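Engineer: The file below is target-v2.txt, compact mmCIF, C-alpha atoms:
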```txt
# COMPACT_ATOMS: atom_id res chain seq x y z
CA MET A 1 148.54 -144.91 -36.83
CA PHE A 2 148.17 -148.07 -34.83
CA ASP A 3 144.90 -149.98 -35.15
CA GLY A 4 141.21 -150.10 -35.89
CA ASN A 5 140.03 -151.27 -32.49
CA GLY A 6 139.84 -148.07 -30.50
CA GLN A 7 143.57 -147.78 -29.89
CA VAL A 8 145.31 -144.47 -30.42
CA ILE A 9 145.67 -143.48 -34.07
CA ILE A 10 147.60 -140.45 -35.22
CA ALA A 11 145.85 -139.37 -38.42
CA VAL A 12 146.94 -135.99 -39.72
CA PRO A 13 145.02 -134.70 -42.78
CA TYR A 14 147.30 -134.73 -45.78
CA GLU A 15 148.15 -131.33 -47.30
CA GLY A 16 150.55 -132.29 -50.12
CA TYR A 17 150.22 -132.74 -53.86
CA GLY A 18 147.62 -129.98 -54.04
CA SER A 19 144.83 -132.41 -53.18
CA GLU A 20 141.64 -131.09 -51.63
CA VAL A 21 140.07 -134.53 -51.31
CA GLU A 22 138.90 -135.38 -47.80
CA PRO A 23 141.31 -138.01 -46.45
CA PHE A 24 139.91 -141.53 -46.43
CA VAL A 25 139.56 -142.92 -42.90
CA PRO A 26 140.38 -146.65 -42.59
CA VAL A 27 138.28 -148.78 -40.25
CA MET A 28 139.14 -152.35 -39.32
CA LEU A 29 136.33 -154.81 -40.01
CA GLU A 30 134.96 -156.97 -37.22
CA THR A 31 133.95 -159.66 -39.71
CA TYR A 32 135.42 -159.92 -43.17
CA VAL A 33 133.14 -159.08 -46.06
CA VAL A 34 134.33 -159.10 -49.66
CA PRO A 35 134.26 -155.47 -50.84
CA GLU A 36 132.21 -154.46 -53.83
CA LEU A 37 134.21 -155.22 -56.97
CA PRO A 38 133.64 -154.76 -60.69
CA PRO A 39 131.67 -157.65 -62.21
CA LEU A 40 133.51 -160.35 -64.12
CA PRO A 41 133.73 -159.88 -67.90
CA PRO A 42 131.18 -161.67 -70.11
CA GLN A 43 131.53 -165.45 -70.17
CA LEU A 44 132.69 -166.68 -73.61
CA LEU A 45 132.19 -170.46 -73.70
CA PRO A 46 129.42 -171.51 -76.12
CA ASN A 47 128.32 -174.40 -73.87
CA PRO A 48 129.41 -173.94 -70.25
CA ALA A 49 126.80 -176.47 -69.13
CA MET A 50 128.87 -179.17 -70.88
CA ASP A 51 125.71 -180.89 -72.08
CA ASP A 52 126.15 -180.39 -75.84
CA PRO A 53 128.57 -182.92 -77.33
CA ALA A 54 128.82 -180.83 -80.48
CA ALA A 55 130.46 -178.01 -78.51
CA TRP A 56 133.24 -180.19 -77.13
CA VAL A 57 135.82 -182.52 -78.64
CA VAL A 58 136.20 -185.31 -76.12
CA ALA A 59 139.09 -187.80 -76.20
CA ASN A 60 141.75 -189.63 -74.20
CA GLY A 61 139.86 -190.58 -71.09
CA TRP A 62 137.46 -187.65 -70.79
CA THR A 63 133.70 -188.26 -70.66
CA LEU A 64 130.89 -185.73 -70.80
CA ASN A 65 128.38 -186.87 -68.20
CA GLY A 66 125.38 -184.90 -69.48
CA ASP A 67 124.80 -183.27 -66.10
CA GLY A 68 127.10 -180.29 -66.44
CA THR A 69 130.24 -182.22 -65.55
CA ALA A 70 133.08 -184.05 -67.28
CA THR A 71 135.14 -186.88 -65.81
CA HIS A 72 138.71 -187.92 -66.50
CA THR A 73 140.24 -191.35 -65.79
CA THR A 74 143.91 -192.17 -65.25
CA ALA A 75 146.55 -193.83 -67.44
CA THR A 76 145.39 -192.35 -70.73
CA GLY A 77 148.69 -191.01 -71.96
CA GLN A 78 150.94 -188.23 -70.76
CA TYR A 79 148.23 -185.62 -71.26
CA SER A 80 144.51 -186.03 -71.98
CA ARG A 81 142.45 -183.32 -73.60
CA ILE A 82 138.93 -182.09 -73.90
CA ALA A 83 138.83 -179.41 -76.57
CA ILE A 84 136.63 -176.36 -76.99
CA PRO A 85 136.92 -175.55 -80.69
CA ASN A 86 134.32 -172.79 -81.00
CA ALA A 87 134.99 -170.34 -78.17
CA ASP A 88 134.91 -166.83 -79.60
CA MET A 89 137.99 -165.19 -78.07
CA GLY A 90 138.17 -162.41 -80.64
CA ALA A 91 141.33 -160.33 -80.24
CA ALA A 92 141.88 -161.36 -76.61
CA THR A 93 145.52 -161.53 -75.54
CA ASP A 94 144.81 -162.71 -71.98
CA VAL A 95 142.14 -165.30 -71.27
CA VAL A 96 141.25 -167.02 -68.02
CA LEU A 97 139.50 -170.38 -67.85
CA THR A 98 137.98 -171.29 -64.51
CA PHE A 99 136.24 -174.44 -63.34
CA ASP A 100 135.44 -176.38 -60.19
CA ILE A 101 136.74 -179.78 -59.15
CA PRO A 102 133.84 -181.28 -57.16
CA ALA A 103 135.34 -184.78 -57.05
CA GLN A 104 138.73 -186.44 -57.30
CA THR A 105 139.22 -190.18 -57.34
CA SER A 106 142.99 -190.27 -57.71
CA SER A 107 145.37 -189.64 -54.86
CA ASN A 108 147.73 -187.75 -57.15
CA PHE A 109 147.08 -184.07 -57.69
CA THR A 110 150.50 -183.30 -59.11
CA LEU A 111 149.36 -182.26 -62.57
CA GLY A 112 145.65 -181.77 -62.09
CA VAL A 113 144.04 -179.90 -64.96
CA ARG A 114 145.12 -176.83 -66.91
CA ALA A 115 143.96 -174.74 -69.83
CA ARG A 116 146.04 -174.52 -72.98
CA LEU A 117 145.79 -172.91 -76.40
CA LEU A 118 146.87 -174.69 -79.57
CA SER A 119 147.90 -172.75 -82.65
CA THR A 120 146.36 -175.26 -85.05
CA PRO A 121 142.75 -176.47 -84.67
CA GLY A 122 142.63 -180.21 -84.14
CA ASN A 123 146.34 -180.50 -83.42
CA THR A 124 147.08 -183.13 -80.78
CA SER A 125 150.80 -182.58 -80.39
CA ASN A 126 152.15 -181.59 -76.99
CA ASN A 127 154.81 -179.44 -78.65
CA GLN A 128 152.60 -176.52 -79.61
CA LEU A 129 153.68 -173.16 -78.23
CA TRP A 130 151.59 -172.08 -75.28
CA ASN A 131 151.65 -169.59 -72.47
CA GLY A 132 149.61 -170.65 -69.50
CA LEU A 133 149.40 -171.77 -65.91
CA HIS A 134 148.48 -175.09 -64.49
CA THR A 135 145.48 -174.67 -62.26
CA ARG A 136 146.24 -175.27 -58.66
CA SER A 137 144.29 -176.06 -55.55
CA GLY A 138 146.79 -175.93 -52.71
CA ASP A 139 144.40 -178.31 -50.99
CA ALA A 140 145.15 -181.99 -50.51
CA GLY A 141 142.42 -182.95 -52.97
CA PRO A 142 139.37 -181.53 -54.73
CA SER A 143 138.03 -178.06 -54.17
CA THR A 144 134.78 -176.41 -55.16
CA ARG A 145 136.63 -173.11 -55.24
CA ALA A 146 137.09 -172.04 -58.85
CA GLN A 147 140.42 -173.12 -60.26
CA VAL A 148 142.09 -170.49 -62.42
CA SER A 149 144.13 -171.10 -65.55
CA HIS A 150 145.49 -167.96 -67.20
CA VAL A 151 146.75 -168.06 -70.79
CA TRP A 152 148.61 -164.94 -71.85
CA ASN A 153 150.24 -163.53 -74.99
CA ARG A 154 147.53 -165.14 -77.09
CA VAL A 155 147.66 -164.37 -80.81
CA PRO A 156 144.75 -164.69 -83.27
CA GLY A 157 146.21 -167.91 -84.71
CA GLN A 158 145.62 -169.65 -81.39
CA THR A 159 142.02 -170.69 -81.89
CA GLN A 160 141.55 -173.97 -80.06
CA LEU A 161 141.27 -174.03 -76.29
CA VAL A 162 141.77 -177.34 -74.50
CA LEU A 163 141.50 -178.65 -70.96
CA GLU A 164 144.46 -180.91 -70.34
CA ALA A 165 144.78 -183.44 -67.52
CA GLY A 166 147.85 -185.33 -66.37
CA ASN A 167 147.76 -189.09 -66.78
CA ASN A 168 147.87 -189.60 -63.00
CA TRP A 169 144.88 -187.42 -62.32
CA ALA A 170 141.33 -188.76 -62.13
CA GLY A 171 138.33 -186.71 -61.16
CA THR A 172 135.45 -184.53 -62.25
CA ILE A 173 135.29 -180.92 -63.36
CA SER A 174 132.25 -178.68 -63.59
CA ASN A 175 131.16 -175.11 -64.18
CA PRO A 176 133.77 -174.11 -66.80
CA ARG A 177 133.91 -170.42 -67.62
CA LEU A 178 136.07 -168.46 -70.06
CA TYR A 179 136.86 -164.75 -69.69
CA ASP A 180 138.78 -162.16 -71.64
CA VAL A 181 140.87 -160.28 -69.04
CA SER A 182 143.04 -158.40 -71.55
CA ALA A 183 141.67 -155.01 -70.48
CA ALA A 184 142.97 -155.44 -66.92
CA ARG A 185 146.56 -155.61 -68.16
CA GLU A 186 146.26 -152.04 -69.46
CA LEU A 187 144.82 -150.51 -66.28
CA PRO A 188 146.88 -148.15 -64.09
CA THR A 189 148.80 -150.61 -61.94
CA LEU A 190 149.85 -150.54 -58.31
CA VAL A 191 152.50 -153.00 -57.16
CA VAL A 192 152.09 -154.38 -53.63
CA VAL A 193 155.18 -156.18 -52.32
CA VAL A 194 154.19 -158.61 -49.56
CA ALA A 195 157.18 -159.57 -47.41
CA GLY A 196 157.98 -160.98 -43.99
CA GLN A 197 157.32 -164.31 -42.33
CA SER A 198 154.57 -166.93 -42.17
CA ASN A 199 151.84 -164.49 -41.16
CA ALA A 200 152.52 -162.52 -44.34
CA GLU A 201 152.30 -165.74 -46.33
CA ALA A 202 149.37 -167.79 -45.04
CA TYR A 203 149.35 -170.18 -42.13
CA GLY A 204 145.73 -169.94 -41.02
CA ALA A 205 144.05 -173.30 -40.48
CA ALA A 206 141.17 -172.82 -42.93
CA LEU A 207 141.33 -173.56 -46.65
CA ALA A 208 140.55 -170.87 -49.20
CA ASP A 209 136.84 -170.11 -49.43
CA PRO A 210 135.01 -170.14 -52.81
CA THR A 211 133.46 -166.73 -52.12
CA LEU A 212 135.72 -164.94 -49.66
CA ASP A 213 138.96 -165.85 -51.44
CA ALA A 214 137.85 -165.91 -55.08
CA TRP A 215 139.99 -164.60 -57.94
CA HIS A 216 139.28 -161.27 -59.63
CA PRO A 217 140.51 -159.97 -63.02
CA ASN A 218 141.98 -156.81 -61.41
CA VAL A 219 144.21 -158.73 -58.97
CA TRP A 220 147.41 -160.23 -60.42
CA MET A 221 150.64 -161.67 -59.02
CA CYS A 222 154.32 -162.01 -59.83
CA PRO A 223 155.73 -164.94 -57.79
CA PRO A 224 159.45 -165.56 -57.32
CA ASN A 225 159.31 -169.19 -58.39
CA GLY A 226 157.20 -172.03 -59.70
CA TYR A 227 156.45 -175.03 -57.56
CA GLY A 228 155.60 -178.69 -57.44
CA GLY A 229 154.90 -179.78 -60.99
CA GLY A 230 151.80 -177.66 -61.37
CA ILE A 231 149.89 -177.83 -58.08
CA TYR A 232 150.27 -174.09 -57.91
CA GLY A 233 151.26 -173.51 -61.49
CA ALA A 234 152.85 -170.15 -60.87
CA ARG A 235 155.32 -169.06 -63.51
CA ALA A 236 158.39 -167.56 -61.86
CA ASN A 237 158.84 -163.80 -62.31
CA THR A 238 155.80 -163.63 -64.58
CA VAL A 239 152.82 -161.33 -64.04
CA THR A 240 149.57 -163.33 -64.21
CA VAL A 241 146.12 -163.37 -62.64
CA ALA A 242 146.32 -164.28 -58.94
CA GLN A 243 144.68 -167.13 -57.10
CA GLU A 244 144.92 -168.28 -53.52
CA PRO A 245 147.13 -169.73 -52.25
CA LEU A 246 149.75 -167.31 -53.50
CA LEU A 247 153.19 -168.78 -54.06
CA HIS A 248 155.75 -166.92 -51.94
CA ASN A 249 158.60 -169.46 -51.84
CA LEU A 250 159.62 -173.06 -52.42
CA SER A 251 157.88 -174.25 -49.23
CA PRO A 252 154.50 -172.53 -49.49
CA GLY A 253 152.02 -172.24 -46.66
CA HIS A 254 149.06 -173.59 -48.66
CA ARG A 255 146.44 -171.25 -47.20
CA ALA A 256 144.67 -167.93 -47.80
CA GLY A 257 146.75 -164.97 -46.67
CA PHE A 258 146.25 -161.23 -46.31
CA ALA A 259 147.60 -160.11 -49.69
CA MET A 260 144.51 -160.70 -51.82
CA PRO A 261 142.07 -159.10 -49.33
CA ALA A 262 144.35 -156.04 -49.35
CA ALA A 263 144.41 -155.97 -53.15
CA LYS A 264 140.64 -156.40 -53.45
CA ARG A 265 140.01 -153.54 -51.03
CA LEU A 266 142.31 -151.32 -53.08
CA VAL A 267 140.51 -152.21 -56.30
CA SER A 268 137.15 -151.57 -54.65
CA LEU A 269 138.10 -148.19 -53.19
CA ALA A 270 139.51 -147.15 -56.57
CA ASP A 271 136.15 -148.01 -58.16
CA GLY A 272 137.71 -150.75 -60.25
CA GLY A 273 139.95 -148.31 -62.07
CA ILE A 274 143.25 -149.97 -61.15
CA ARG A 275 145.00 -153.30 -61.33
CA VAL A 276 146.97 -154.54 -58.32
CA VAL A 277 149.99 -156.77 -58.91
CA ILE A 278 151.06 -158.64 -55.78
CA VAL A 279 154.73 -159.57 -55.42
CA PRO A 280 154.55 -162.37 -52.81
CA VAL A 281 157.97 -163.00 -51.27
CA ALA A 282 157.40 -163.93 -47.61
CA LYS A 283 158.82 -167.05 -45.96
CA SER A 284 158.24 -168.72 -42.62
CA GLY A 285 160.97 -168.50 -40.00
CA THR A 286 162.97 -165.69 -41.58
CA GLY A 287 164.42 -162.75 -39.69
CA MET A 288 166.16 -159.44 -40.25
CA ILE A 289 168.84 -159.44 -37.51
CA GLY A 290 172.20 -161.12 -38.04
CA SER A 291 174.77 -161.62 -40.78
CA ASP A 292 172.90 -164.63 -42.16
CA ALA A 293 169.39 -163.25 -41.63
CA PRO A 294 167.32 -163.73 -44.81
CA TRP A 295 165.99 -160.14 -44.77
CA ASN A 296 169.36 -158.52 -44.08
CA PRO A 297 170.33 -156.75 -47.33
CA ASP A 298 173.92 -157.96 -46.85
CA SER A 299 172.97 -161.47 -45.75
CA THR A 300 175.20 -164.46 -46.35
CA ALA A 301 172.06 -166.58 -46.79
CA THR A 302 171.73 -168.44 -50.07
CA GLY A 303 169.05 -170.05 -52.21
CA ASP A 304 165.45 -169.75 -51.04
CA ASN A 305 166.60 -168.22 -47.75
CA ASP A 306 168.11 -165.17 -49.42
CA ARG A 307 164.77 -163.41 -49.18
CA TYR A 308 166.06 -159.86 -49.62
CA THR A 309 167.69 -160.59 -52.98
CA ILE A 310 164.66 -162.62 -54.08
CA MET A 311 162.39 -159.72 -53.17
CA ILE A 312 164.42 -157.20 -55.17
CA ASN A 313 164.74 -159.43 -58.23
CA THR A 314 161.07 -160.42 -58.25
CA TYR A 315 159.95 -156.83 -57.89
CA LEU A 316 162.17 -155.67 -60.74
CA ALA A 317 160.84 -158.52 -62.90
CA ALA A 318 157.28 -157.42 -62.17
CA ARG A 319 158.01 -153.77 -62.93
CA SER A 320 159.56 -154.69 -66.29
CA GLN A 321 156.20 -156.14 -67.36
CA ILE A 322 154.06 -153.20 -66.27
CA THR A 323 153.58 -150.32 -68.68
CA ASN A 324 151.16 -148.20 -66.65
CA HIS A 325 152.77 -148.16 -63.21
CA ILE A 326 151.29 -145.69 -60.72
CA GLY A 327 153.06 -146.66 -57.52
CA THR A 328 154.67 -149.29 -55.31
CA ILE A 329 153.95 -150.04 -51.68
CA MET A 330 155.29 -152.72 -49.33
CA VAL A 331 153.18 -154.54 -46.77
CA TRP A 332 155.21 -156.38 -44.14
CA SER A 333 154.24 -158.91 -41.49
CA GLY A 334 157.08 -160.48 -39.57
CA ASN A 335 160.00 -160.06 -37.14
CA GLU A 336 158.70 -162.73 -34.78
CA TYR A 337 161.90 -164.62 -35.50
CA ASP A 338 163.97 -161.58 -34.52
CA MET A 339 162.41 -161.61 -31.06
CA GLN A 340 164.24 -164.91 -30.46
CA VAL A 341 167.61 -163.24 -31.09
CA ALA A 342 169.51 -162.05 -28.02
CA ASN A 343 168.69 -158.36 -27.48
CA GLY A 344 166.42 -158.53 -30.54
CA VAL A 345 164.08 -155.80 -29.30
CA ASN A 346 166.93 -153.31 -29.13
CA LEU A 347 168.59 -154.43 -32.38
CA LEU A 348 165.44 -154.41 -34.52
CA PRO A 349 165.05 -150.62 -35.07
CA ALA A 350 168.49 -150.28 -36.67
CA ALA A 351 167.92 -153.41 -38.74
CA TRP A 352 164.62 -151.98 -39.95
CA ALA A 353 166.11 -148.60 -40.81
CA ASN A 354 168.77 -150.33 -42.91
CA PHE A 355 166.25 -152.65 -44.56
CA ALA A 356 163.89 -149.81 -45.49
CA ALA A 357 166.64 -147.59 -46.90
CA ARG A 358 168.26 -150.36 -48.92
CA ALA A 359 164.99 -151.75 -50.26
CA ARG A 360 163.89 -148.34 -51.46
CA ALA A 361 167.22 -147.77 -53.17
CA ASP A 362 167.50 -151.22 -54.74
CA MET A 363 163.92 -151.14 -56.00
CA GLY A 364 164.38 -147.67 -57.40
CA VAL A 365 161.50 -146.30 -55.30
CA PRO A 366 163.19 -143.89 -52.87
CA ASP A 367 159.91 -142.80 -51.26
CA MET A 368 158.22 -146.22 -51.18
CA PRO A 369 155.60 -146.39 -48.42
CA ILE A 370 155.88 -149.36 -46.07
CA ILE A 371 152.98 -150.70 -44.02
CA ILE A 372 153.86 -152.97 -41.09
CA SER A 373 150.86 -155.15 -40.33
CA GLY A 374 151.46 -155.99 -36.71
CA PRO A 375 150.61 -159.12 -34.72
CA VAL A 376 147.21 -159.90 -33.26
CA TYR A 377 146.85 -157.51 -30.32
CA PRO A 378 146.79 -159.31 -26.93
CA GLN A 379 143.82 -159.24 -24.60
CA ASP A 380 145.75 -157.61 -21.79
CA ASP A 381 148.90 -155.60 -21.22
CA PRO A 382 151.84 -155.82 -21.03
CA LEU A 383 152.27 -155.47 -24.75
CA ASN A 384 153.87 -158.18 -26.81
CA PRO A 385 157.49 -156.94 -27.16
CA LEU A 386 157.23 -157.13 -30.94
CA ILE A 387 154.17 -154.90 -30.98
CA ALA A 388 155.89 -152.43 -28.67
CA VAL A 389 159.02 -152.10 -30.80
CA GLN A 390 157.23 -152.12 -34.17
CA ARG A 391 154.98 -149.31 -33.01
CA THR A 392 158.06 -147.12 -32.53
CA LEU A 393 158.91 -147.51 -36.24
CA ASP A 394 155.76 -145.67 -37.31
CA GLU A 395 156.65 -142.29 -38.81
CA ASP A 396 154.20 -140.56 -36.44
CA SER A 397 155.24 -142.44 -33.30
CA GLY A 398 157.40 -139.62 -31.94
CA SER A 399 160.09 -142.20 -31.23
CA PRO A 400 163.75 -141.84 -32.22
CA ASN A 401 163.17 -145.15 -34.04
CA ALA A 402 160.55 -143.64 -36.37
CA ILE A 403 161.20 -144.19 -40.09
CA ALA A 404 159.78 -141.79 -42.66
CA GLY A 405 157.10 -143.39 -44.79
CA VAL A 406 156.49 -146.32 -42.41
CA THR A 407 152.99 -146.92 -41.07
CA TYR A 408 152.41 -149.46 -38.29
CA LEU A 409 149.01 -151.12 -37.81
CA ASP A 410 147.99 -153.31 -34.87
CA GLY A 411 146.25 -156.55 -35.72
CA PRO A 412 142.74 -157.42 -34.53
CA ARG A 413 142.35 -157.60 -30.76
CA GLY A 414 141.88 -160.89 -28.95
CA THR A 415 143.26 -164.40 -28.77
CA GLN A 416 140.30 -165.70 -30.77
CA TRP A 417 142.20 -164.54 -33.87
CA VAL A 418 145.00 -167.05 -33.27
CA ASN A 419 144.93 -170.61 -34.68
CA ALA A 420 143.65 -173.11 -32.13
CA GLY A 421 146.62 -174.67 -30.34
CA ASP A 422 149.02 -172.29 -32.08
CA THR A 423 150.36 -169.15 -30.41
CA VAL A 424 152.28 -167.68 -33.35
CA HIS A 425 150.06 -167.98 -36.44
CA TRP A 426 147.00 -165.85 -36.95
CA SER A 427 143.79 -167.45 -38.17
CA THR A 428 142.56 -167.25 -41.75
CA ALA A 429 139.77 -164.93 -40.58
CA ALA A 430 142.36 -162.66 -38.94
CA ASN A 431 144.46 -162.64 -42.10
CA ARG A 432 141.51 -161.47 -44.18
CA ILE A 433 140.75 -158.64 -41.75
CA ARG A 434 144.41 -157.63 -41.48
CA GLY A 435 144.72 -157.61 -45.26
CA ASP A 436 141.58 -155.58 -45.75
CA PHE A 437 142.78 -153.02 -43.17
CA ALA A 438 146.21 -152.79 -44.80
CA GLY A 439 144.47 -152.28 -48.14
CA GLN A 440 142.47 -149.41 -46.70
CA TRP A 441 145.64 -147.75 -45.41
CA ALA A 442 147.38 -148.34 -48.72
CA TYR A 443 144.48 -146.58 -50.42
CA ARG A 444 144.75 -143.62 -48.05
CA ILE A 445 148.49 -143.40 -48.66
CA GLY A 446 147.92 -143.55 -52.40
CA GLN A 447 145.28 -140.86 -52.09
CA GLU A 448 147.79 -138.66 -50.29
CA ARG A 449 150.35 -139.23 -53.00
CA GLY A 450 148.00 -138.57 -55.87
CA TRP A 451 148.00 -142.11 -57.24
CA TRP A 452 144.23 -141.97 -57.81
```
As structure tokens, what does this structure read like?
Structural biologist:
Amino acid sequence: MFDGNGQVIIAVPYEGYGSEVEPFVPVMLETYVVPELPPLPPQLLPNPAMDDPAAWVVANGWTLNGDGTATHTTATGQYSRIAIPNADMGAATDVVLTFDIPAQTSSNFTLGVRARLLSTPGNTSNNQLWNGLHTRSGDAGPSTRAQVSHVWNRVPGQTQLVLEAGNNWAGTISNPRLYDVSAARELPTLVVVVAGQSNAEAYGAALADPTLDAWHPNVWMCPPNGYGGGIYGARANTVTVAQEPLLHNLSPGHRAGFAMPAAKRLVSLADGGIRVVIVPVAKSGTGMIGSDAPWNPDSTATGDNDRYTIMINTYLAARSQITNHIGTIMVWSGNEYDMQVANGVNLLPAAWANFAARARADMGVPDMPIIISGPVYPQDDPLNPLIAVQRTLDEDSGSPNAIAGVTYLDGPRGTQWVNAGDTVHWSTAANRIRGDFAGQWAYRIGQERGWW
């Protein structure tokens, strides 16, 4: 199983688990298109147009502009709030507030804007218990892409929703929307561990697109750490609704990667009947070969470079929060760093065999499927050495290096899929296609295993 561009694929119909379903046949897209997904839940805000002062409690530097927007100025206290006292959230335990940031007049985006629930209507204290994420852009400034703030573990006593801005942030918000996403938490859940190097994370040149990279209630994340005072707003080892850019490490890549396209394709192929939780743990410049290699299970690496330990711990944290787990699959993109190690091509197969065996054991998933999403395929032979050696790891390769349960996929063909002026990072468009293709293969593997 190598690629979707006319290269040789070994695709043997699956005969296990008593399934008589015709095997799904993955096909790599030429141009990324968002797959058909379930519609968003009903919008709950009583006045999303923000043109009814009676529906909003405005204070501390916020101004309703009467044109569907609200503006915040700086130096108005540690936090400044615009409250929504009448949103009917019913029995919702998980709510998501989204909005756009069409303009920003401050240079500081450290705190930005977030959603928060207060347990007492009208309370202005910052000490009220809350469970939520800062919204995050990942861009240097404003973004018309919907910002996502997820508040979880809501209880009926939490009745007042507020938008809260940091005192150093000045700008305009628009198009607020409130959704109850509680039902998604109860869906059968697939965990997708995304590991490897920068091309697993996101180093394409383009920023996240409002349509192509939008959030969806069925796609969640469990990041290994928080970051940067709220720009990303991820809560470490906590399962919440995902938004690009995903937070893989303490030095994030800031761009749209291949994990969410893979998750969306899975949700689409499963007719919306599953939730996908992404465990994003990749990091640029990390290898698998050597005693201090971050992906070596016995590595001497420490801190944020001890990627193997971080991966195991983050996965176990995610699993502890999932009650309806149907399966776990790993999607890997990396080993470029290992090609810089002396004799790396010959050392990589043994390193991979050790990594796969240990990861399966330490995660408690002894038969965990692993998809290796390979590099962009070159225009001409000879093959990139990394492609050549990773192909041998595929369980159907016929090579002595083959590892059971490992599927290798070539990337899209052609140098046009590489960032301009950059020979090692695939473009954002390539990442979306690679992710979608990996999602298709993950669906086929899940079909073979009876996950859906």
Engineer: Give as a ChimeraX atom specification the set of residues within 12 Å of the point (153.0, -149.1, -70.1), where distances use the file's coordinates and all atoms listed in the file.
Structural biologist: /A:185-189,319-326
Engineer: When you draw a straight line from CA of Gly421 in chain A to CA of Ser284 in chain A, how long is it in Å?
Structural biologist: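 So the answer is 17.9 Å.
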Engineer: Within 12 Å of (166.2, -149.6, -38.8) (coordinates as in the file), grab all the protein and nucleic acid residues, counting all atoms listed in the file, and write them out as number ranges by chain.
Structural biologist: A: 288-289, 296-297, 345-359, 389-390, 392-394, 400-404, 406
Engineer: Let me see the file: selected residues, C-alpha atoms, as an mmCIF file, in the coordinates of the input.
Structural biologist:
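Output (part.cif):
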```
data_model
loop_
_atom_site.group_PDB
_atom_site.id
_atom_site.type_symbol
_atom_site.label_atom_id
_atom_site.label_comp_id
_atom_site.auth_asym_id
_atom_site.auth_seq_id
_atom_site.Cartn_x
_atom_site.Cartn_y
_atom_site.Cartn_z
ATOM 1 C CA MET A 288 166.160 -159.440 -40.250
ATOM 2 C CA ILE A 289 168.840 -159.440 -37.510
ATOM 3 C CA ASN A 296 169.360 -158.520 -44.080
ATOM 4 C CA PRO A 297 170.330 -156.750 -47.330
ATOM 5 C CA VAL A 345 164.080 -155.800 -29.300
ATOM 6 C CA ASN A 346 166.930 -153.310 -29.130
ATOM 7 C CA LEU A 347 168.590 -154.430 -32.380
ATOM 8 C CA LEU A 348 165.440 -154.410 -34.520
ATOM 9 C CA PRO A 349 165.050 -150.620 -35.070
ATOM 10 C CA ALA A 350 168.490 -150.280 -36.670
ATOM 11 C CA ALA A 351 167.920 -153.410 -38.740
ATOM 12 C CA TRP A 352 164.620 -151.980 -39.950
ATOM 13 C CA ALA A 353 166.110 -148.600 -40.810
ATOM 14 C CA ASN A 354 168.770 -150.330 -42.910
ATOM 15 C CA PHE A 355 166.250 -152.650 -44.560
ATOM 16 C CA ALA A 356 163.890 -149.810 -45.490
ATOM 17 C CA ALA A 357 166.640 -147.590 -46.900
ATOM 18 C CA ARG A 358 168.260 -150.360 -48.920
ATOM 19 C CA ALA A 359 164.990 -151.750 -50.260
ATOM 20 C CA VAL A 389 159.020 -152.100 -30.800
ATOM 21 C CA GLN A 390 157.230 -152.120 -34.170
ATOM 22 C CA THR A 392 158.060 -147.120 -32.530
ATOM 23 C CA LEU A 393 158.910 -147.510 -36.240
ATOM 24 C CA ASP A 394 155.760 -145.670 -37.310
ATOM 25 C CA PRO A 400 163.750 -141.840 -32.220
ATOM 26 C CA ASN A 401 163.170 -145.150 -34.040
ATOM 27 C CA ALA A 402 160.550 -143.640 -36.370
ATOM 28 C CA ILE A 403 161.200 -144.190 -40.090
ATOM 29 C CA ALA A 404 159.780 -141.790 -42.660
ATOM 30 C CA VAL A 406 156.490 -146.320 -42.410
#
```
Engineer: What separation in Å, quoted to one decimal, exists between CA of Met260 in chain A and CA of Asp436 in chain A?
Structural biologist: 8.5 Å
Engineer: Kindly provide the residues of range 278-347 of chain A that approach range 361-371 of chain A to within 7 Å, each paired with its closest atom pair and their distance in Å to one decimal, based on all atoms listed in the file, listed by chain and increasing number, as a Markdown table.
Structural biologist:
```
| residue | atom | partner | partner_atom | distance |
| --- | --- | --- | --- | --- |
| A:Ile312 | CA | A:Met363 | CA | 6.1 |
| A:Leu316 | CA | A:Met363 | CA | 6.8 |
| A:Thr328 | CA | A:Met368 | CA | 6.3 |
| A:Ile329 | CA | A:Pro369 | CA | 5.2 |
| A:Met330 | CA | A:Ile370 | CA | 4.7 |
| A:Val331 | CA | A:Ile371 | CA | 4.7 |
| A:Trp332 | CA | A:Ile371 | CA | 6.1 |
```
Engineer: Counting only C-alpha atoms, figure out which residue out of A:Val194, A:Ile372, A:Met50, A:Ala262 gets nearest to Leu247 in chain A.
Structural biologist: A:Val194
Engineer: Can you report as lines of an AutoDock Vina configuration file the centre and edge lengths in Å, to one decimal, of an axis-aligned box around the listed atoms of range 426-443 of chain A padded with 3 Å on each side?
Structural biologist:
```
center_x = 143.6
center_y = -157.0
center_z = -43.7
size_x = 13.6
size_y = 26.9
size_z = 19.5
```
Engineer: Rounded to one decimal place, report the CA of Gly303 in chain A-CA of Gly285 in chain A distance in Å.
Structural biologist: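 Distance reported for this atom pair: 14.7 Å.
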Engineer: Go through A:Trp452, A:Trp215, A:Trp295, A:Tyr203 and flag the residue nearest Ala420 in chain A, using all atoms listed in the file for the distances.
Structural biologist: A:Tyr203
Engineer: Just want the 6 Å neighbourhood of range 23-33 of chain A, counted on all atoms listed in the file, with same-chain residues fewer than 5 positions away dropped. Output as an NGL selection string.
Structural biologist: :A and (4 or 433 or 437 or 440 or 444)
Engineer: Would you mind listing what lies within 9 Å of range 374-377 of chain A as a list in words, with all atoms listed in the file counted and same-chain residues fewer than 2 positions away left out?
Structural biologist: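 Within the cut-off, the hits are Phe2, Asn199, Trp332, Ser333, Gly334, Glu336, Ile372, Gln379, Asp380, Leu383, Asn384, Leu386, Ile387, Gln390, Arg391, Tyr408, Leu409, Asp410, Gly411, Pro412, Arg413, Gly414, Thr415, Trp417, Val418, Val424, Trp426, Ala430 and Arg434 of chain A.
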